[in-house]
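So the structure is just underneath, and the comments pick up after that.
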Amino acid sequence: MGWFSKELDSFPDFELPSQLRTLEITGWPKLKSLPQQQIQHLTTSLTSLKIESFDGVEALPEWLGNLTSLTHLSIRRCKNLMLSIDRCSNLTFIPLSQSDSDAPTLPLLEDLAIRSCSSLEFIPIAPGKGKGMTCLRKLKIEDCEKLSSLPTMLEYCTSLQELSIQRCPNLEAIPNLDNLTSLRDLSIRGCDGLTSLPSGLPSCKSLQNLTIESCHI
């Protein structure tokens, strides 16, 4: 569903086939929300969802978490999106990086929360021309049992103020925290797989609260 829709501000009233496995929705810059009626019934069939160029959408709907068979989610060019990912038990990969582009990754995103994604293994955030998620202020990752690594380019998130990692037992390391001079709160709890403290802590000049709990370091 593509660029023919770029001037429309509402989604057509029709029902998608219930057996649909892959869906790409592209080029609806004026739409304020995702089409609930047309998608939410695909709870057990949809495995791949691509959302692109939804400038008017500010938040992902809660019903997105009901897509229990979803294993691949791609979100691009949604510049006003406030992103929270919750209870997506089959999600293994969140494509926050843009390997085929020099554009910065989600340059306006300020708050990212990822919770209860039990199959999630890694979260790539790659910088475009030396730029990452430069507006990101809060990053929370909780109850992701298979997560083994955090974004390696975390140091490019130069506006980051709060970083919270909770109950990720397979997490082996926290990336370098160099350049995170705005970081005020760092909380790491229930991460049994950690073998060392994150490097770059001395450069976190604004750090006020540091909590490391239930980690076998």
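The way I read the labels, and the way they are meant: chains A, B, ... in the order of the structure tokens, residue 1 as the first residue of every chain, and ligand 1 as the first ligand shown, with later ones counted on from there.
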
field: region 30-42 of chain A environment, 6 Å, only C-alpha atoms, sequence neighbours closer than 2 positions dropped, as a VMD selection string
entry: chain A and resid 9 to 10 15 to 16 18 28 44 to 46 56 to 57

**Among listed residues A:Ile217, A:Met82, A:Leu120, A:Ile174, nearest Leu136 (chain A) (using only C-alpha atoms)** =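 Closest candidate: A:Met82.
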
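Using only C-alpha atoms, the residues found no farther than 7 Å from Ser149 (chain A), other than those of its own chain fewer than 3 positions away, are Phe122, Leu171, Glu172 and Ala173 of chain A.
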
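Shortest atom-to-atom contact with Thr22 (chain A) among A:Lys140, A:Cys117, A:Phe54, A:His72: A:His72, counting only C-alpha atoms.
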
Min atom-atom distance to Glu213 (chain A) from the set A:Gln166, A:Ser182, A:Asn176, A:Thr68, counting only C-alpha atoms, belongs to A:Gln166

> Between A:Asp111, A:Glu155, A:Glu52, A:Glu142, which is the closest to Ile25 (chain A) once you count only C-alpha atoms?
Replying inline: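 So, comparing all the options, the nearest one is A:Glu52.
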
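Going from CA of Leu23 (chain A) to CA of Thr43 (chain A) covers 12.7 Å.
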
Can you list every residue in region 122-211 of chain A that DSSP puts in helix (DSSP H, G or I), as an MDAnalysis selection string? chainID A and resid 154:156 201:203

**Request:** Compile the contact shell of Ile188 (chain A) as number ranges by chain: residues with an atom at most 8 Å away, counting only C-alpha atoms, same-chain residues fewer than 3 positions apart removed.
**Result:** A: 164-166, 191, 211-213, 215

Taking N, CA and C atoms for each residue, export the selection above as a tab-separated table (two decimals), in the first residue's frame.
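In the end it all went to selection-v3.tsv:
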chain	number	residue	atom	x	y	z
A	164	SER	N	18.20	2.63	31.54
A	164	SER	CA	17.74	1.62	32.50
A	164	SER	C	17.69	0.26	31.81
A	165	ILE	N	18.43	-0.69	32.35
A	165	ILE	CA	18.46	-2.05	31.83
A	165	ILE	C	18.04	-2.97	32.97
A	166	GLN	N	16.92	-3.67	32.80
A	166	GLN	CA	16.37	-4.47	33.89
A	166	GLN	C	16.09	-5.90	33.41
A	191	CYS	N	20.89	-8.47	35.72
A	191	CYS	CA	21.61	-8.85	34.50
A	191	CYS	C	22.75	-9.78	34.91
A	211	THR	N	22.79	2.80	39.89
A	211	THR	CA	22.29	1.61	40.58
A	211	THR	C	22.72	0.37	39.82
A	212	ILE	N	23.44	-0.52	40.50
A	212	ILE	CA	23.81	-1.82	39.94
A	212	ILE	C	23.40	-2.86	40.98
A	213	GLU	N	22.41	-3.70	40.62
A	213	GLU	CA	21.79	-4.58	41.59
A	213	GLU	C	21.51	-5.94	40.98
A	215	CYS	N	23.48	-8.29	39.90
A	215	CYS	CA	24.31	-8.61	38.76
A	215	CYS	C	25.58	-9.30	39.29

So that I can check the secondary structure, give me every residue of region 14-187 of chain A assigned strand (DSSP E or B) by backbone DSSP, as a PDB file with C-alpha atoms, in the first residue's frame.
ATOM      1  CA  THR A  22       3.541  -9.831   5.205  1.00  0.00           C
ATOM      2  CA  LEU A  23       2.285  -6.236   5.128  1.00  0.00           C
ATOM      3  CA  GLU A  24       4.029  -3.053   3.958  1.00  0.00           C
ATOM      4  CA  ILE A  25       2.312   0.313   4.477  1.00  0.00           C
ATOM      5  CA  THR A  26       4.211   3.180   2.854  1.00  0.00           C
ATOM      6  CA  SER A  48       6.262  -9.173   9.027  1.00  0.00           C
ATOM      7  CA  LEU A  49       5.125  -5.540   9.207  1.00  0.00           C
ATOM      8  CA  LYS A  50       6.816  -2.568   7.526  1.00  0.00           C
ATOM      9  CA  ILE A  51       5.684   0.981   8.329  1.00  0.00           C
ATOM     10  CA  GLU A  52       7.255   3.858   6.388  1.00  0.00           C
ATOM     11  CA  ALA A  59       2.732   6.643  18.898  1.00  0.00           C
ATOM     12  CA  HIS A  72       9.877  -8.721  11.909  1.00  0.00           C
ATOM     13  CA  LEU A  73       8.982  -5.062  12.451  1.00  0.00           C
ATOM     14  CA  SER A  74      10.442  -2.295  10.283  1.00  0.00           C
ATOM     15  CA  ILE A  75       9.748   1.394  11.021  1.00  0.00           C
ATOM     16  CA  ARG A  76      11.301   4.092   8.812  1.00  0.00           C
ATOM     17  CA  MET A  82       7.209   8.180  20.075  1.00  0.00           C
ATOM     18  CA  LEU A  83       8.218   4.484  20.118  1.00  0.00           C
ATOM     19  CA  SER A  84       7.330   1.875  22.830  1.00  0.00           C
ATOM     20  CA  ILE A  85       7.589  -1.877  22.167  1.00  0.00           C
ATOM     21  CA  ASP A  86       5.878  -4.124  24.709  1.00  0.00           C
ATOM     22  CA  PHE A  93      15.203  -8.068  15.656  1.00  0.00           C
ATOM     23  CA  ASP A 111      12.025   8.175  24.507  1.00  0.00           C
ATOM     24  CA  LEU A 112      12.447   4.477  23.667  1.00  0.00           C
ATOM     25  CA  ALA A 113      11.083   1.676  25.857  1.00  0.00           C
ATOM     26  CA  ILE A 114      11.401  -2.013  24.989  1.00  0.00           C
ATOM     27  CA  ARG A 115       9.730  -4.423  27.399  1.00  0.00           C
ATOM     28  CA  PHE A 122      20.017  -7.571  19.665  1.00  0.00           C
ATOM     29  CA  GLY A 128      24.704   7.690   9.602  1.00  0.00           C
ATOM     30  CA  LYS A 131      25.225  10.527  13.837  1.00  0.00           C
ATOM     31  CA  LYS A 138      15.447   7.973  27.792  1.00  0.00           C
ATOM     32  CA  LEU A 139      16.235   4.357  26.951  1.00  0.00           C
ATOM     33  CA  LYS A 140      14.606   1.554  28.940  1.00  0.00           C
ATOM     34  CA  ILE A 141      15.026  -2.137  28.177  1.00  0.00           C
ATOM     35  CA  GLU A 142      13.284  -4.602  30.485  1.00  0.00           C
ATOM     36  CA  SER A 149      24.062  -7.097  23.460  1.00  0.00           C
ATOM     37  CA  GLU A 162      18.344   8.046  31.559  1.00  0.00           C
ATOM     38  CA  LEU A 163      19.519   4.521  30.797  1.00  0.00           C
ATOM     39  CA  SER A 164      17.741   1.623  32.496  1.00  0.00           C
ATOM     40  CA  ILE A 165      18.462  -2.049  31.832  1.00  0.00           C
ATOM     41  CA  GLN A 166      16.368  -4.472  33.885  1.00  0.00           C
ATOM     42  CA  ASP A 185      20.584   8.149  35.793  1.00  0.00           C
ATOM     43  CA  LEU A 186      22.082   4.728  35.111  1.00  0.00           C
ATOM     44  CA  SER A 187      20.280   1.668  36.453  1.00  0.00           C
TER      45      SER A 187
END

| Pick from A:Leu67, A:Leu207, A:Met153, A:Cys135 nearest to Leu108 (chain A), counting only C-alpha atoms |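 With only C-alpha atoms as the atom set, the closest residue is A:Cys135.
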
**OP:** For CA of Leu183 (chain A) and CA of Cys88 (chain A), determine how far apart the two atoms are, in Å to one decimal place.
**Re:**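 Distance reported for this atom pair: 28.2 Å.
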
TODO: Could you check which of A:Leu64, A:Leu160, A:Leu177, A:Cys204 is closest to Arg87 (chain A), using only C-alpha atoms?
DONE: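 Checking each of A:Leu64, A:Leu160, A:Leu177, A:Cys204 against Arg87 (chain A), counting only C-alpha atoms, the winner is A:Leu64.
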
inquiry  = Report, in Å with one decimal, the straight-line distance from CA of Asn209 (chain A) to CA of Arg184 (chain A).
reply    =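 Computing the Euclidean distance for CA of Asn209 (chain A) and CA of Arg184 (chain A) yields 6.3 Å.
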